[in-house]
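Novice: This is the structure I have questions about; it appears just below.
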Amino acid sequence: MAAERRVVIENCSIATVDADDTEYPTGHLVLAGDRIESLGAGRAPEGLENVVRRIDATGHLVTPGLVNTHHHFYQWITRGLATDHNLFDWLVALYPTWARIDERMTYAAAQGSLGMMVRGGVTTAMDHHYVFPRGSGDLSGSIIRAAREMGVRFTLARGSMDRSEKDGGLPPDFAVESLDEALAATEATVDEHHDASFGAMTQVAVAPCSPFSVSTELMRQGAELARRKGVRLHTHGSETVEEEQFCKELFGMGPTDYFESTGWLGEDVWMAHCVHMNDSDIDAFARTRTGVAHCPSSNARLAAGIARVPDLLAAGVPVGLGVDGTASNESGELHTELRNALLVNRLGAHREAALNARQALRLGTYGGAQVLGRAPEIGSLEPGKLADLVLWKLDTLAHASIADPVTALVFGAAAPVTASFVNGEQIVENGRLLRADEDAIARSTRDEARRLARIAAQA
Ligand SMILES: [Zn+2]
């Protein structure tokens with residue numbers, strides 16, 4: 001058997017984000033094939049064979065690749081609309097446009113969403129896609145293709161909506177699937193695309209959209225489907241006070257009790273937002289090991305509120321970070337969410353003790369790996385784990401005068417990415433995508449955004 005090709009990275013600071021938060025002020029990593037072989041202080045060991053590349057990473061911090069846990073890629077082509085709305089008004093304003101998307105649009109939008117995140121240090125992405133207009137083509141396939149081409153690890157959360165206005169839901173009647181259609185298409189997507197093996201590049205989760213757009217039966221049967229297939233479950237929960245009122249009026253209980261009653265709490269579930277949680281809701285998440293995707297910028301954009309992240313963490317709830325769809329977070333970047341998570345949470349009850357820089361970095365890396373069910377593979381830099389990592393350049397005007405590299409990364413300006421690796425393969429160099437043409441993506445996303453606006457205006 002041929003020896004694995006080795007890549008050596010040296011002279012960098014390293015934040016491993018392992019269980020002890022081990023850091024090396026000056027250290028090295030050795031990658032072998034798709035794995036991290038070894039890492040530690042000082043220079044790499046002498047006499048390594050089969051070294052195909054040696055990177056002098058002086059002036060850099062190396063961290064695990066960032067893991068995004070909540071997004072809606074298609075929204076890339078509806079950014080900058082309904083900019084002064086709360087969640088429900090924003091949804092009602094945008095549903096009619098979203099209901100006109102097709103495969104060409106979702107492919108371009110996925111490229112745009114992925115490109116923006118990947119060049120900012122994301123190595124594992126996810127897309128919660130829940131709008132499937134009749135006759136719109138293979139939307140799931142187009143999204144998965146975009147991720148595969150860019151070289152990023154990916155979870156498609158196959159969403160669905162079947163509770164429209166006529167059933168007391170929020171989406172218009174023409175924007176939803178039937179219960180049977182949604183379940184059958186979700187199962188087909190799992191069968192076609194889900195890879196359960198170690199190091200998988202594509203996984204699928206079952207992901208009905210939210211209590212206010214999905215029937216109780218779809219929640220129940222969706223959970224059963226996911227468990228029968230052995231895949232994870234994802235949805236939106238406890239995002240706004242309006243959602244809480246909606247659940248109380250329709251179901252006679254708050255969102256967390258409703259989720260529990262439909263089989264939606266468990267260690268195989270992660271939920272976006274979780275802003276409006278009382279102590280017993282947090283206890284229920286901790287008891288069941290249900291995960292949370294914290295989306296601070298989107299929650300601020302839609303005036304949803306501040307999630308109780310310090311309380312969730314203290315209770316032992318797994319928490320990752322999410323960009324959320326770019327119609328409610330136009331920047332579409334995850335590395336800036338490290339800073340936003342820290343700052344937003346300090347505006348909450350715990351004030352300056354809410355989160356520190358290392359906790360913020362953990363949310364964006366290991367925490368994300370946990371909620372996606374991939375902590376044995378990614379999320380920290382440890383021998384045997386997959387070689388998904390980022391070299392952040394911290395020796396320029398933006399960061400050079402900050403002594404501590406993790407503080408520089410989290411508190412400072414968005415740091416440039418010199419290189420980003422997935423499975424030991426480089427996918428970003430000097431802030432540019434290596435496997436996709438950013439300028440071509442910029443053009444196609446602009447064109448598809450205009451085409452969608454035109455079709456929506458004619459409808
Ligand atoms: Zn969302």
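In the structure tokens, chains take the letters A, B, ... in the order shown, each chain's residues start at 1, and ligands count up from 1 in the order shown.
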Which residues sit within 10 Å of ligand 1, counting only C-alpha atoms and all ligand atoms, listed as a PyMOL selection string?
Specialist: chain A and resi 70-72+127-130+209-210+235-237+239+271-273+293+295+298-299+322-328
Novice: Go ahead and write the selection's residues with C-alpha atoms as a PDB file, in the first residue's frame.
Specialist:
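After the write, result01.pdb holds the following:
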```pdb
ATOM      1  CA  HIS A  70     -28.415  26.619  10.030  1.00  0.00           C
ATOM      2  CA  HIS A  71     -28.938  28.243   6.619  1.00  0.00           C
ATOM      3  CA  HIS A  72     -31.359  28.589   3.698  1.00  0.00           C
ATOM      4  CA  ASP A 127     -28.782  23.957   3.994  1.00  0.00           C
ATOM      5  CA  HIS A 128     -32.312  23.769   5.403  1.00  0.00           C
ATOM      6  CA  HIS A 129     -34.327  23.824   2.197  1.00  0.00           C
ATOM      7  CA  TYR A 130     -38.105  23.733   2.581  1.00  0.00           C
ATOM      8  CA  CYS A 209     -39.894  23.883   8.469  1.00  0.00           C
ATOM      9  CA  SER A 210     -41.571  25.155  11.663  1.00  0.00           C
ATOM     10  CA  THR A 235     -36.425  22.404  12.437  1.00  0.00           C
ATOM     11  CA  HIS A 236     -36.971  25.988  13.631  1.00  0.00           C
ATOM     12  CA  GLY A 237     -38.129  26.487  17.211  1.00  0.00           C
ATOM     13  CA  GLU A 239     -37.759  31.956  17.452  1.00  0.00           C
ATOM     14  CA  MET A 271     -33.206  23.200  16.393  1.00  0.00           C
ATOM     15  CA  ALA A 272     -32.568  26.671  15.016  1.00  0.00           C
ATOM     16  CA  HIS A 273     -32.873  29.783  17.218  1.00  0.00           C
ATOM     17  CA  ALA A 293     -28.243  26.357  16.221  1.00  0.00           C
ATOM     18  CA  CYS A 295     -28.120  32.561  14.870  1.00  0.00           C
ATOM     19  CA  SER A 298     -30.564  36.815  12.046  1.00  0.00           C
ATOM     20  CA  ASN A 299     -32.202  37.098  15.475  1.00  0.00           C
ATOM     21  CA  GLY A 322     -25.749  29.430  12.255  1.00  0.00           C
ATOM     22  CA  VAL A 323     -25.653  32.083   9.573  1.00  0.00           C
ATOM     23  CA  ASP A 324     -29.388  31.503   8.895  1.00  0.00           C
ATOM     24  CA  GLY A 325     -30.787  32.355   5.488  1.00  0.00           C
ATOM     25  CA  THR A 326     -29.293  35.424   3.873  1.00  0.00           C
ATOM     26  CA  ALA A 327     -32.683  37.106   3.470  1.00  0.00           C
ATOM     27  CA  SER A 328     -32.369  37.695   7.234  1.00  0.00           C
TER      28      SER A 328
END
```
Novice: With a distance cut-off of 6 Å and only C-alpha atoms, select the neighbouring residues of A:Asp388, excluding the residue or stretch itself and same-chain residues fewer than 4 positions from it, and output the selection as an NGL selection string.
Specialist: :A and (65 or 421-423)
Novice: Can those selected residues be exported to a file as an mmCIF file, in the first residue's frame so that it contains N, CA and C atoms?
Specialist:
```cif
data_model
loop_
_atom_site.group_PDB
_atom_site.id
_atom_site.type_symbol
_atom_site.label_atom_id
_atom_site.label_comp_id
_atom_site.auth_asym_id
_atom_site.auth_seq_id
_atom_site.Cartn_x
_atom_site.Cartn_y
_atom_site.Cartn_z
ATOM 1 N N GLY A 65 -11.864 23.839 11.060
ATOM 2 C CA GLY A 65 -12.751 24.515 10.123
ATOM 3 C C GLY A 65 -14.068 24.858 10.791
ATOM 4 N N PHE A 421 -8.687 23.827 4.483
ATOM 5 C CA PHE A 421 -8.575 22.440 4.027
ATOM 6 C C PHE A 421 -9.801 21.633 4.439
ATOM 7 N N VAL A 422 -10.253 20.766 3.551
ATOM 8 C CA VAL A 422 -11.272 19.761 3.881
ATOM 9 C C VAL A 422 -10.706 18.410 3.456
ATOM 10 N N ASN A 423 -10.705 17.441 4.373
ATOM 11 C CA ASN A 423 -10.098 16.137 4.074
ATOM 12 C C ASN A 423 -8.647 16.278 3.637
#
```
Novice: Report as a ChimeraX atom specification all protein, DNA and RNA residues lying within 7 Å of A:Val275, evaluated on only C-alpha atoms, omitting residues in the same chain fewer than 5 positions from it.
Specialist: /A:238-240,305-308
Novice: Emit the selected residues as a PDB file, in the first residue's frame, including N, CA and C atoms.
Specialist:
```pdb
ATOM      1  N   SER A 238     -38.987  28.135  18.727  1.00  0.00           N
ATOM      2  CA  SER A 238     -38.937  29.186  19.753  1.00  0.00           C
ATOM      3  C   SER A 238     -38.182  30.419  19.276  1.00  0.00           C
ATOM      4  N   GLU A 239     -38.501  30.827  18.022  1.00  0.00           N
ATOM      5  CA  GLU A 239     -37.759  31.956  17.452  1.00  0.00           C
ATOM      6  C   GLU A 239     -38.295  33.301  17.939  1.00  0.00           C
ATOM      7  N   THR A 240     -39.635  33.435  18.009  1.00  0.00           N
ATOM      8  CA  THR A 240     -40.192  34.757  18.333  1.00  0.00           C
ATOM      9  C   THR A 240     -41.346  34.640  19.335  1.00  0.00           C
ATOM     10  N   GLY A 305     -34.968  38.595  19.354  1.00  0.00           N
ATOM     11  CA  GLY A 305     -34.545  38.575  20.749  1.00  0.00           C
ATOM     12  C   GLY A 305     -33.174  37.935  20.892  1.00  0.00           C
ATOM     13  N   ILE A 306     -32.743  37.736  22.142  1.00  0.00           N
ATOM     14  CA  ILE A 306     -31.416  37.196  22.440  1.00  0.00           C
ATOM     15  C   ILE A 306     -31.567  35.802  23.036  1.00  0.00           C
ATOM     16  N   ALA A 307     -31.038  34.802  22.361  1.00  0.00           N
ATOM     17  CA  ALA A 307     -31.100  33.430  22.886  1.00  0.00           C
ATOM     18  C   ALA A 307     -30.283  33.332  24.172  1.00  0.00           C
ATOM     19  N   ARG A 308     -30.699  32.447  25.079  1.00  0.00           N
ATOM     20  CA  ARG A 308     -30.029  32.330  26.381  1.00  0.00           C
ATOM     21  C   ARG A 308     -28.850  31.346  26.275  1.00  0.00           C
TER      22      ARG A 308
END
```
Novice: Which polymer residues have any atom within 10 Å of an atom of A:Arg220, counting only C-alpha atoms, with same-chain residues fewer than 2 positions away left out, as a list in words?
Specialist: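 Here the answer would be Ser215, Thr216, Glu217, Leu218, Gly222, Ala223, Glu224, Leu225, Phe259, Ser261, Thr262, Gly263 and Trp264 of chain A.
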Novice: For the selection you just gave me, I'd like the residues written to a file as a short mmCIF file (atom, residue, chain, number, x, y, z; two decimals), in the first residue's frame, keeping N, CA and C atoms.
Specialist:
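Written file, again_20.cif:
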```
data_model
loop_
_atom_site.label_atom_id
_atom_site.label_comp_id
_atom_site.auth_asym_id
_atom_site.auth_seq_id
_atom_site.Cartn_x
_atom_site.Cartn_y
_atom_site.Cartn_z
N SER A 215 -47.95 20.65 9.50
CA SER A 215 -49.00 20.00 10.28
C SER A 215 -48.39 19.14 11.39
N THR A 216 -49.18 18.91 12.42
CA THR A 216 -48.73 18.05 13.52
C THR A 216 -48.40 16.65 12.99
N GLU A 217 -49.17 16.21 12.02
CA GLU A 217 -48.94 14.87 11.45
C GLU A 217 -47.59 14.81 10.73
N LEU A 218 -47.22 15.89 10.02
CA LEU A 218 -45.91 15.90 9.34
C LEU A 218 -44.78 15.94 10.36
N GLY A 222 -42.58 12.78 10.29
CA GLY A 222 -41.21 13.14 9.93
C GLY A 222 -40.22 12.58 10.93
N ALA A 223 -40.56 12.70 12.21
CA ALA A 223 -39.68 12.16 13.26
C ALA A 223 -39.56 10.65 13.13
N GLU A 224 -40.68 10.00 12.85
CA GLU A 224 -40.65 8.53 12.69
C GLU A 224 -39.78 8.14 11.49
N LEU A 225 -39.94 8.88 10.40
CA LEU A 225 -39.14 8.61 9.20
C LEU A 225 -37.64 8.74 9.50
N PHE A 259 -42.98 20.33 20.72
CA PHE A 259 -41.94 19.48 20.13
C PHE A 259 -41.85 18.14 20.87
N SER A 261 -44.18 16.63 22.47
CA SER A 261 -45.38 15.82 22.21
C SER A 261 -45.37 15.19 20.81
N THR A 262 -44.53 15.72 19.90
CA THR A 262 -44.49 15.18 18.54
C THR A 262 -43.21 14.39 18.26
N GLY A 263 -42.44 14.11 19.30
CA GLY A 263 -41.22 13.30 19.13
C GLY A 263 -40.01 14.11 18.70
N TRP A 264 -40.08 15.43 18.92
CA TRP A 264 -39.02 16.30 18.40
C TRP A 264 -38.03 16.80 19.45
#
```
Novice: In Å to one decimal, how far is atom CA of A:Pro405 from atom CA of A:Gly316?
Specialist: 27.0 Å
Novice: Would you please give, as a ChimeraX atom specification, all residues of stretch 262-390 of chain A that DSSP assigns to helix (DSSP H, G or I) based on the backbone?
Specialist: /A:279-288,296-301,309-315,335-346,351-353,357-371
